[in-house]
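Shown next: final.pdb, containing PDB, C-alpha atoms.
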ATOM      1  CA  MET A 179     -34.989  80.535 -18.582
ATOM      2  CA  VAL A 180     -38.763  80.542 -18.096
ATOM      3  CA  ALA A 181     -39.256  79.109 -21.585
ATOM      4  CA  ILE A 182     -36.702  76.349 -20.952
ATOM      5  CA  ALA A 183     -38.356  75.453 -17.643
ATOM      6  CA  ARG A 184     -41.752  75.364 -19.375
ATOM      7  CA  VAL A 185     -40.466  73.053 -22.105
ATOM      8  CA  ALA A 186     -38.815  70.805 -19.509
ATOM      9  CA  SER A 187     -42.060  70.671 -17.538
ATOM     10  CA  SER A 188     -44.049  69.785 -20.656
ATOM     11  CA  VAL A 189     -41.582  67.041 -21.600
ATOM     12  CA  GLY A 190     -41.719  65.598 -18.081
ATOM     13  CA  ARG A 191     -45.496  65.581 -18.090
ATOM     14  CA  LEU A 192     -45.594  64.163 -21.613
ATOM     15  CA  ILE A 193     -43.475  61.240 -20.452
ATOM     16  CA  PHE A 194     -44.924  60.563 -17.003
ATOM     17  CA  ASP A 195     -48.286  62.308 -16.597
ATOM     18  CA  THR A 196     -51.081  60.050 -17.866
ATOM     19  CA  LYS A 197     -53.645  62.856 -17.404
ATOM     20  CA  PHE A 198     -51.505  65.178 -19.556
ATOM     21  CA  GLN A 199     -51.338  62.469 -22.221
ATOM     22  CA  LYS A 200     -55.122  61.976 -22.107
ATOM     23  CA  VAL A 201     -55.858  65.703 -22.499
ATOM     24  CA  LEU A 202     -53.326  65.844 -25.350
ATOM     25  CA  SER A 203     -55.016  62.964 -27.182
ATOM     26  CA  ASN A 204     -58.528  64.338 -26.658
ATOM     27  CA  SER A 205     -57.452  67.755 -27.894
ATOM     28  CA  LEU A 206     -55.902  66.278 -31.043
ATOM     29  CA  LYS A 207     -59.027  64.223 -31.640
ATOM     30  CA  ALA A 208     -61.252  67.311 -31.327
ATOM     31  CA  SER A 209     -59.025  69.524 -33.500
ATOM     32  CA  GLY A 210     -58.952  66.824 -36.166
ATOM     33  CA  ARG A 211     -62.752  66.672 -36.286
ATOM     34  CA  LEU A 212     -62.910  70.474 -36.462
ATOM     35  CA  ALA A 213     -60.436  70.543 -39.364
ATOM     36  CA  LYS A 214     -62.582  68.066 -41.316
ATOM     37  CA  MET A 215     -65.740  70.088 -40.599
ATOM     38  CA  LYS A 216     -64.015  73.124 -42.138
ATOM     39  CA  GLY A 217     -63.405  71.199 -45.343
ATOM     40  CA  GLY A 218     -59.824  70.161 -44.668
ATOM     41  CA  THR A 219     -58.356  66.792 -43.713
ATOM     42  CA  ARG A 220     -57.574  65.226 -40.389
ATOM     43  CA  PHE A 221     -53.989  66.452 -40.725
ATOM     44  CA  THR A 222     -54.640  70.038 -41.879
ATOM     45  CA  LYS A 223     -52.170  72.289 -39.992
ATOM     46  CA  PHE A 224     -51.270  69.271 -37.896
ATOM     47  CA  GLY A 225     -48.234  70.986 -36.383
ATOM     48  CA  LYS A 226     -50.466  73.763 -35.028
ATOM     49  CA  GLN A 227     -52.919  71.155 -33.745
ATOM     50  CA  ILE A 228     -50.127  69.526 -31.724
ATOM     51  CA  GLY A 229     -48.913  72.879 -30.393
ATOM     52  CA  ASP A 230     -52.428  73.900 -29.301
ATOM     53  CA  ALA A 231     -52.933  70.484 -27.702
ATOM     54  CA  PHE A 232     -49.775  70.946 -25.619
ATOM     55  CA  VAL A 233     -50.985  74.351 -24.414
ATOM     56  CA  ARG A 234     -54.383  72.949 -23.381
ATOM     57  CA  ALA A 235     -52.845  69.934 -21.648
ATOM     58  CA  GLU A 236     -50.406  72.125 -19.748
ATOM     59  CA  LYS A 237     -53.170  74.471 -18.575
ATOM     60  CA  LYS A 238     -55.378  71.621 -17.361
ATOM     61  CA  THR A 239     -52.665  69.646 -15.559
ATOM     62  CA  GLY A 240     -50.079  72.270 -14.592
ATOM     63  CA  GLY A 241     -49.299  72.462 -10.887
ATOM     64  CA  THR A 242     -50.852  69.099 -10.041
ATOM     65  CA  PRO A 243     -48.706  66.125  -8.920
ATOM     66  CA  PHE A 244     -48.632  63.180 -11.283
ATOM     67  CA  PHE A 245     -46.122  60.676  -9.889
ATOM     68  CA  LYS A 246     -48.730  59.587  -7.348
ATOM     69  CA  ASP A 247     -51.207  58.784 -10.127
ATOM     70  CA  MET A 248     -48.533  56.927 -12.088
ATOM     71  CA  LYS A 249     -47.611  54.878  -9.019
ATOM     72  CA  LYS A 250     -51.278  54.031  -8.489
ATOM     73  CA  LEU A 251     -51.616  52.789 -12.065
ATOM     74  CA  VAL A 252     -48.675  50.435 -11.501
ATOM     75  CA  THR A 253     -49.650  49.143  -8.049
ATOM     76  CA  ASP A 254     -53.324  48.709  -8.950
ATOM     77  CA  PHE A 255     -52.575  46.801 -12.155
ATOM     78  CA  PRO A 256     -52.726  43.237 -10.694
ATOM     79  CA  GLY A 257     -55.944  43.990  -8.829
ATOM     80  CA  ASP A 258     -57.534  45.634 -11.860
ATOM     81  CA  LEU A 259     -56.664  42.603 -13.978
ATOM     82  CA  LYS A 260     -58.280  40.281 -11.433
ATOM     83  CA  THR A 261     -61.418  42.422 -11.228
ATOM     84  CA  ALA A 262     -61.678  42.634 -15.016
ATOM     85  CA  TRP A 263     -61.297  38.861 -15.351
ATOM     86  CA  GLN A 264     -63.914  38.075 -12.729
ATOM     87  CA  GLY A 265     -66.400  40.653 -14.010
ATOM     88  CA  ALA A 266     -66.358  39.514 -17.655
ATOM     89  CA  LYS A 267     -68.090  36.507 -19.213
ATOM     90  CA  GLY A 268     -66.807  34.197 -21.932
ATOM     91  CA  PHE A 269     -63.369  34.096 -23.512
ATOM     92  CA  THR A 270     -64.020  37.090 -25.770
ATOM     93  CA  GLY A 271     -65.424  39.168 -22.945
ATOM     94  CA  LYS A 272     -62.536  38.356 -20.608
ATOM     95  CA  ALA A 273     -59.940  39.057 -23.305
ATOM     96  CA  LYS A 274     -61.541  42.426 -24.068
ATOM     97  CA  ALA A 275     -61.711  43.325 -20.373
ATOM     98  CA  LEU A 276     -58.033  42.469 -19.847
ATOM     99  CA  TRP A 277     -57.083  44.451 -22.941
ATOM    100  CA  ASN A 278     -58.973  47.520 -21.721
ATOM    101  CA  VAL A 279     -57.093  47.402 -18.417
ATOM    102  CA  THR A 280     -53.733  46.901 -20.121
ATOM    103  CA  LYS A 281     -54.040  49.436 -22.947
ATOM    104  CA  SER A 282     -54.537  52.297 -20.490
ATOM    105  CA  ARG A 283     -51.124  51.426 -19.091
ATOM    106  CA  GLY A 284     -49.454  50.911 -22.469
ATOM    107  CA  PRO A 285     -47.067  53.869 -22.155
ATOM    108  CA  LEU A 286     -46.055  52.757 -18.645
ATOM    109  CA  LEU A 287     -45.181  49.300 -19.961
ATOM    110  CA  GLY A 288     -43.190  50.975 -22.710
ATOM    111  CA  TYR A 289     -41.292  53.053 -20.147
ATOM    112  CA  GLY A 290     -40.341  49.902 -18.288
ATOM    113  CA  LEU A 291     -39.115  48.134 -21.412
ATOM    114  CA  LEU A 292     -37.223  51.152 -22.703
ATOM    115  CA  ALA A 293     -35.669  51.812 -19.295
ATOM    116  CA  GLY A 294     -34.557  48.175 -19.155
ATOM    117  CA  PHE A 295     -32.558  48.741 -22.341
ATOM    118  CA  GLU A 296     -31.444  52.325 -21.789
ATOM    119  CA  ILE A 297     -30.263  52.317 -18.160
ATOM    120  CA  PRO A 298     -27.497  49.716 -18.804
ATOM    121  CA  ASN A 299     -26.488  51.745 -21.877
ATOM    122  CA  ILE A 300     -26.232  54.970 -19.832
ATOM    123  CA  VAL A 301     -24.209  53.240 -17.105
ATOM    124  CA  LYS A 302     -21.881  51.678 -19.699
ATOM    125  CA  ALA A 303     -21.301  55.031 -21.425
ATOM    126  CA  THR A 304     -20.611  56.770 -18.104
ATOM    127  CA  VAL A 305     -18.194  54.112 -16.823
ATOM    128  CA  GLU A 306     -16.286  53.628 -20.078
ATOM    129  CA  ASP A 307     -16.378  57.121 -21.592
ATOM    130  CA  GLY A 308     -17.043  59.553 -18.752
ATOM    131  CA  ALA A 309     -19.858  61.667 -17.356
ATOM    132  CA  VAL A 310     -20.299  63.737 -20.516
ATOM    133  CA  SER A 311     -20.972  60.648 -22.600
ATOM    134  CA  GLY A 312     -23.372  59.410 -19.941
ATOM    135  CA  ALA A 313     -25.227  62.736 -20.012
ATOM    136  CA  VAL A 314     -25.496  62.544 -23.809
ATOM    137  CA  GLU A 315     -26.996  59.054 -23.593
ATOM    138  CA  THR A 316     -29.412  60.248 -20.911
ATOM    139  CA  GLY A 317     -30.530  63.035 -23.254
ATOM    140  CA  LYS A 318     -31.033  60.528 -26.071
ATOM    141  CA  SER A 319     -33.097  58.257 -23.826
ATOM    142  CA  THR A 320     -35.235  61.179 -22.657
ATOM    143  CA  ALA A 321     -35.814  62.251 -26.255
ATOM    144  CA  ARG A 322     -36.861  58.720 -27.204
ATOM    145  CA  LEU A 323     -39.257  58.523 -24.264
ATOM    146  CA  ALA A 324     -40.772  61.889 -25.193
ATOM    147  CA  GLY A 325     -41.055  60.908 -28.861
ATOM    148  CA  ALA A 326     -42.662  57.592 -27.957
ATOM    149  CA  SER A 327     -45.112  59.296 -25.582
ATOM    150  CA  LEU A 328     -46.086  61.858 -28.223
ATOM    151  CA  GLY A 329     -46.516  59.046 -30.743
ATOM    152  CA  ALA A 330     -48.771  57.202 -28.300
ATOM    153  CA  ALA A 331     -50.892  60.316 -27.756
ATOM    154  CA  ILE A 332     -51.261  60.897 -31.502
ATOM    155  CA  GLY A 333     -51.950  57.208 -32.121
ATOM    156  CA  THR A 334     -54.677  57.224 -29.457
ATOM    157  CA  ALA A 335     -56.314  60.246 -31.091
ATOM    158  CA  LEU A 336     -56.266  58.604 -34.522
ATOM    159  CA  VAL A 337     -57.023  54.978 -33.598
ATOM    160  CA  PRO A 338     -58.314  54.537 -30.030
ATOM    161  CA  GLY A 339     -56.978  51.384 -28.403
ATOM    162  CA  LEU A 340     -54.352  49.818 -30.630
ATOM    163  CA  GLY A 341     -53.215  53.220 -31.864
ATOM    164  CA  SER A 342     -51.513  53.910 -28.537
ATOM    165  CA  ILE A 343     -49.107  50.986 -28.943
ATOM    166  CA  ILE A 344     -48.541  51.589 -32.659
ATOM    167  CA  GLY A 345     -47.928  55.272 -31.999
ATOM    168  CA  TRP A 346     -45.533  54.477 -29.151
ATOM    169  CA  LEU A 347     -43.432  52.178 -31.330
ATOM    170  CA  ALA A 348     -43.485  54.625 -34.260
ATOM    171  CA  GLY A 349     -42.552  57.574 -32.053
ATOM    172  CA  ASP A 350     -39.682  55.694 -30.454
ATOM    173  CA  TYR A 351     -38.412  54.507 -33.860
ATOM    174  CA  ILE A 352     -38.534  57.958 -35.475
ATOM    175  CA  THR A 353     -36.915  59.673 -32.482
ATOM    176  CA  GLY A 354     -34.244  56.969 -32.360
ATOM    177  CA  LYS A 355     -33.379  57.710 -35.988
ATOM    178  CA  ILE A 356     -33.111  61.427 -35.207
ATOM    179  CA  VAL A 357     -30.899  61.161 -32.111
ATOM    180  CA  GLY A 358     -28.768  58.384 -33.607
ATOM    181  CA  LYS A 359     -27.407  55.104 -32.309
ATOM    182  CA  SER A 360     -26.829  54.573 -28.634
ATOM    183  CA  TYR A 361     -23.355  54.208 -27.124
ATOM    184  CA  THR A 362     -23.829  50.440 -26.855
ATOM    185  CA  ASP A 363     -24.994  50.137 -30.480
ATOM    186  CA  LYS A 364     -21.987  52.145 -31.669
ATOM    187  CA  LYS A 365     -19.621  49.914 -29.684
ATOM    188  CA  LEU A 366     -21.195  46.789 -31.163
ATOM    189  CA  ALA A 367     -20.912  48.248 -34.671
ATOM    190  CA  GLN A 368     -17.224  49.034 -34.091
ATOM    191  CA  GLU A 369     -16.561  45.522 -32.813
ATOM    192  CA  GLN A 370     -18.360  44.022 -35.816
ATOM    193  CA  LYS A 371     -16.309  46.192 -38.173
ATOM    194  CA  MET A 372     -13.084  45.085 -36.496
ATOM    195  CA  LEU A 373     -14.080  41.423 -36.838
ATOM    196  CA  GLU A 374     -14.821  41.922 -40.544
ATOM    197  CA  LEU A 375     -11.456  43.633 -41.094
ATOM    198  CA  MET A 376      -9.627  40.854 -39.238
ATOM    199  CA  GLU A 377     -11.426  38.192 -41.266
ATOM    200  CA  LYS A 378     -10.605  39.989 -44.513
ATOM    201  CA  SER A 379      -6.978  40.367 -43.480
ATOM    202  CA  GLN A 380      -6.720  36.656 -42.665
ATOM    203  CA  LYS A 381      -8.212  35.728 -46.046
ATOM    204  CA  ASN A 382      -5.742  38.011 -47.840
ATOM    205  CA  GLN A 383      -2.834  36.468 -45.920
ATOM    206  CA  LEU A 384      -3.981  32.940 -46.807
ATOM    207  CA  ALA A 385      -4.416  33.905 -50.459
ATOM    208  CA  ALA A 386      -0.934  35.450 -50.567
ATOM    209  CA  LEU A 387       0.569  32.373 -48.891
ATOM    210  CA  SER A 388      -1.178  30.019 -51.340
ATOM    211  CA  SER A 389       0.029  32.080 -54.303
ATOM    212  CA  GLN A 390       3.615  31.979 -53.040
ATOM    213  CA  GLN A 391       3.412  28.214 -52.519
ATOM    214  CA  LEU A 392       2.098  27.810 -56.052
ATOM    215  CA  LEU A 393       4.902  29.911 -57.503
ATOM    216  CA  ASP A 394       7.506  28.002 -55.487
ATOM    217  CA  SER A 395       6.060  24.701 -56.714
ATOM    218  CA  LEU A 396       6.046  25.797 -60.365
ATOM    219  CA  ASN A 397       9.587  27.144 -60.126
ATOM    220  CA  THR A 398      10.722  23.841 -58.621
ATOM    221  CA  GLU A 399       9.185  21.889 -61.517
ATOM    222  CA  ALA A 400      10.845  24.184 -64.029
ATOM    223  CA  THR A 401      14.342  23.654 -62.600
ATOM    224  CA  ASN A 402      13.967  19.952 -61.689
ATOM    225  CA  PRO A 403      12.097  17.804 -64.269
ATOM    226  CA  PHE A 404      12.268  14.754 -61.962
ATOM    227  CA  THR A 405      10.229  16.432 -59.194
ATOM    228  CA  THR A 406       6.935  14.701 -58.477
ATOM    229  CA  PRO A 407       4.087  17.046 -59.444
ATOM    230  CA  PRO A 408       2.104  18.298 -56.452
ATOM    231  CA  ALA A 409      -1.238  16.635 -55.826
ATOM    232  CA  PHE A 410      -4.311  18.566 -56.871
ATOM    233  CA  ASN A 411      -5.978  20.147 -53.897
ATOM    234  CA  SER A 412      -9.727  19.801 -54.311
ATOM    235  CA  GLN A 413     -10.226  22.216 -51.433
ATOM    236  CA  MET A 414      -8.696  25.184 -53.288
ATOM    237  CA  THR A 415     -10.891  28.236 -53.411
ATOM    238  CA  SER A 416     -12.131  29.802 -56.649
ATOM    239  CA  GLU A 417      -9.746  32.709 -56.027
ATOM    240  CA  GLN A 418      -6.779  30.332 -55.723
ATOM    241  CA  LEU A 419      -7.825  28.470 -58.896
ATOM    242  CA  GLN A 420      -8.017  31.796 -60.741
ATOM    243  CA  GLN A 421      -4.528  32.672 -59.540
ATOM    244  CA  MET A 422      -3.245  29.316 -60.835
ATOM    245  CA  TYR A 423      -4.893  29.926 -64.225
ATOM    246  CA  ASN A 424      -3.362  33.397 -64.500
ATOM    247  CA  ALA A 425       0.067  32.020 -63.587
ATOM    248  CA  LEU A 426      -0.116  29.373 -66.331
ATOM    249  CA  TYR A 427      -2.159  31.013 -69.102
ATOM    250  CA  GLY A 428      -2.688  34.682 -68.329
ATOM    251  CA  GLN A 429      -1.096  37.680 -70.039
ATOM    252  CA  GLN A 430       1.611  37.780 -67.367
ATOM    253  CA  LYS A 431       2.046  34.003 -67.143
ATOM    254  CA  LEU A 432       5.202  32.535 -65.729
ATOM    255  CA  ASP A 433       8.064  31.928 -68.148
ATOM    256  CA  LEU A 434       8.827  28.255 -67.408
ATOM    257  CA  ASN A 435      11.557  28.162 -70.074
ATOM    258  CA  GLY A 436      13.753  30.505 -68.108
TER
END
Produce structure tokens that represent the structure in this file.
Amino acid sequence: MVAIARVASSVGRLIFDTKFQKVLSNSLKASGRLAKMKGGTRFTKFGKQIGDAFVRAEKKTGGTPFFKDMKKLVTDFPGDLKTAWQGAKGFTGKAKALWNVTKSRGPLLGYGLLAGFEIPNIVKATVEDGAVSGAVETGKSTARLAGASLGAAIGTALVPGLGSIIGWLAGDYITGKIVGKSYTDKKLAQEQKMLELMEKSQKNQLAALSSQQLLDSLNTEATNPFTTPPAFNSQMTSEQLQQMYNALYGQQKLDLNG
């Protein structure tokens, strides 16, 4: 139980605690440099590097509240943008200042976007398929958030700045592949499959009807030589033309002589 609570706490801090994320990134950056100094590569024993980084981040941030800091990052964002804009000179300087303010909040922006997609999916699964399905979708969303947050932390350690966003997207994508499609995506796939089956069924019915009409027409000509030949239909499909050819010249062609 203690281990489960510890994992849950780490996942919560990984997703929401910006200080936890910063310590995690700094630890990975330091362990990567140390690995290279020892003659290895940046990714030598990378799994152990991540595990050690989690332990350090948990020790440095455990027991401290983090929702207050997260709220402050959100509420201070407009003011920080204004200050950055006014304090910088030239287009390049202003753009860089705005980017520096925004990149520190990259994960928070990602949370907002992901929540905008995932909350409707969770509600839909719960309403249409019950509480269990809703709980499963909630677990998937949490896993994706955690994966994206870990990706952002790793990306920041590898490529400060842009690496946070790249890592976030990569982490969300990889985790999404692991946990599978969401309830909404599965429903859309089922609906698309049904539409394809219906379309195929309609085409088969039309092809069968056209073949029967062709056979009826040929049989009528065979029994009544004075019947006016049917007009050629330029709109016939290649499949219908092939059926006509087989009926007239194929191995199982119609016996018009009775």
Could you jot down the CA of Thr316 (chain A) to CA of Arg234 (chain A) separation for me, Å, one decimal place? 28.1 Å
Using only C-alpha atoms: which of A:Ala348, A:Thr304, A:Gly218, A:Gly229 has the shortest distance to Ala326 (chain A):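 Once distances to Ala326 (chain A) are computed over only C-alpha atoms, the minimum belongs to A:Ala348.
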For the structure provided, state which residues fall under the PyMOL selection byres ((chain A and resi 192) around 9), and present them as a list in words. Ser187, Ser188, Val189, Gly190, Arg191, Ile193, Phe194, Asp195, Thr196, Phe198, Gln199, Leu202, Phe232, Leu323, Ala324, Ser327, Leu328 and Ala331 of chain A
Name every residue that the PyMOL selection byres ((chain A and resi 349) around 8) selects in this structure, writing the answer as a PyMOL selection string with chains first and numbers rising. chain A and resi 322+325-330+345-348+350-353
At a cut-off of 10 Å, using only C-alpha atoms, what residues contact Pro338 (chain A)? Leave out same-chain residues fewer than 6 positions from it and give the result as a PDB file with C-alpha atoms, in the coordinates of the input.
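Just written: selection_7.pdb:
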ATOM      1  CA  SER A 203     -55.016  62.964 -27.182  1.00  0.00           C
ATOM      2  CA  LYS A 207     -59.027  64.223 -31.640  1.00  0.00           C
ATOM      3  CA  LYS A 281     -54.040  49.436 -22.947  1.00  0.00           C
ATOM      4  CA  ALA A 331     -50.892  60.316 -27.756  1.00  0.00           C
ATOM      5  CA  ILE A 332     -51.261  60.897 -31.502  1.00  0.00           C
TER       6      ILE A 332
END
Could you give me the centre and size, in Å to one decimal, of an axis-aligned box around all listed atoms of region 211-221 of chain A with 6 Å added on every side, as AutoDock Vina command-line options?
--center_x -59.9 --center_y 69.2 --center_z -40.8 --size_x 23.8 --size_y 19.9 --size_z 21.1
Matched chain/residue IDs from the PyMOL selection byres ((chain A and resi 221-226) around 12), as a short mmCIF file (atom, residue, chain, number, x, y, z; two decimals) with C-alpha atoms, in the coordinates of the input:
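And here is the file that came out, result06.cif:
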data_model
loop_
_atom_site.label_atom_id
_atom_site.label_comp_id
_atom_site.auth_asym_id
_atom_site.auth_seq_id
_atom_site.Cartn_x
_atom_site.Cartn_y
_atom_site.Cartn_z
CA SER A 205 -57.45 67.76 -27.89
CA LEU A 206 -55.90 66.28 -31.04
CA LYS A 207 -59.03 64.22 -31.64
CA ALA A 208 -61.25 67.31 -31.33
CA SER A 209 -59.02 69.52 -33.50
CA GLY A 210 -58.95 66.82 -36.17
CA ARG A 211 -62.75 66.67 -36.29
CA LEU A 212 -62.91 70.47 -36.46
CA ALA A 213 -60.44 70.54 -39.36
CA LYS A 214 -62.58 68.07 -41.32
CA MET A 215 -65.74 70.09 -40.60
CA LYS A 216 -64.02 73.12 -42.14
CA GLY A 217 -63.40 71.20 -45.34
CA GLY A 218 -59.82 70.16 -44.67
CA THR A 219 -58.36 66.79 -43.71
CA ARG A 220 -57.57 65.23 -40.39
CA GLN A 227 -52.92 71.16 -33.74
CA ILE A 228 -50.13 69.53 -31.72
CA GLY A 229 -48.91 72.88 -30.39
CA ASP A 230 -52.43 73.90 -29.30
CA ALA A 231 -52.93 70.48 -27.70
CA PHE A 232 -49.78 70.95 -25.62
CA VAL A 233 -50.98 74.35 -24.41
CA ILE A 332 -51.26 60.90 -31.50
CA ALA A 335 -56.31 60.25 -31.09
CA LEU A 336 -56.27 58.60 -34.52
#
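Pairwise distance (CA of Asn299 (chain A), CA of Thr362 (chain A)) equals 5.8 Å.
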If I take CA of Asp363 (chain A) and CA of Ser379 (chain A), how far is one from the other in Å, to one decimal?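 Taking CA of Asp363 (chain A) and CA of Ser379 (chain A), their separation equals 24.3 Å.
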Quick one: residues within 8 Å of region 262-266 of chain A, all atoms listed in the file counted, chain neighbours fewer than 2 positions away excluded, as a ChimeraX atom specification? /A:258-260,268,271-272,275-276,279
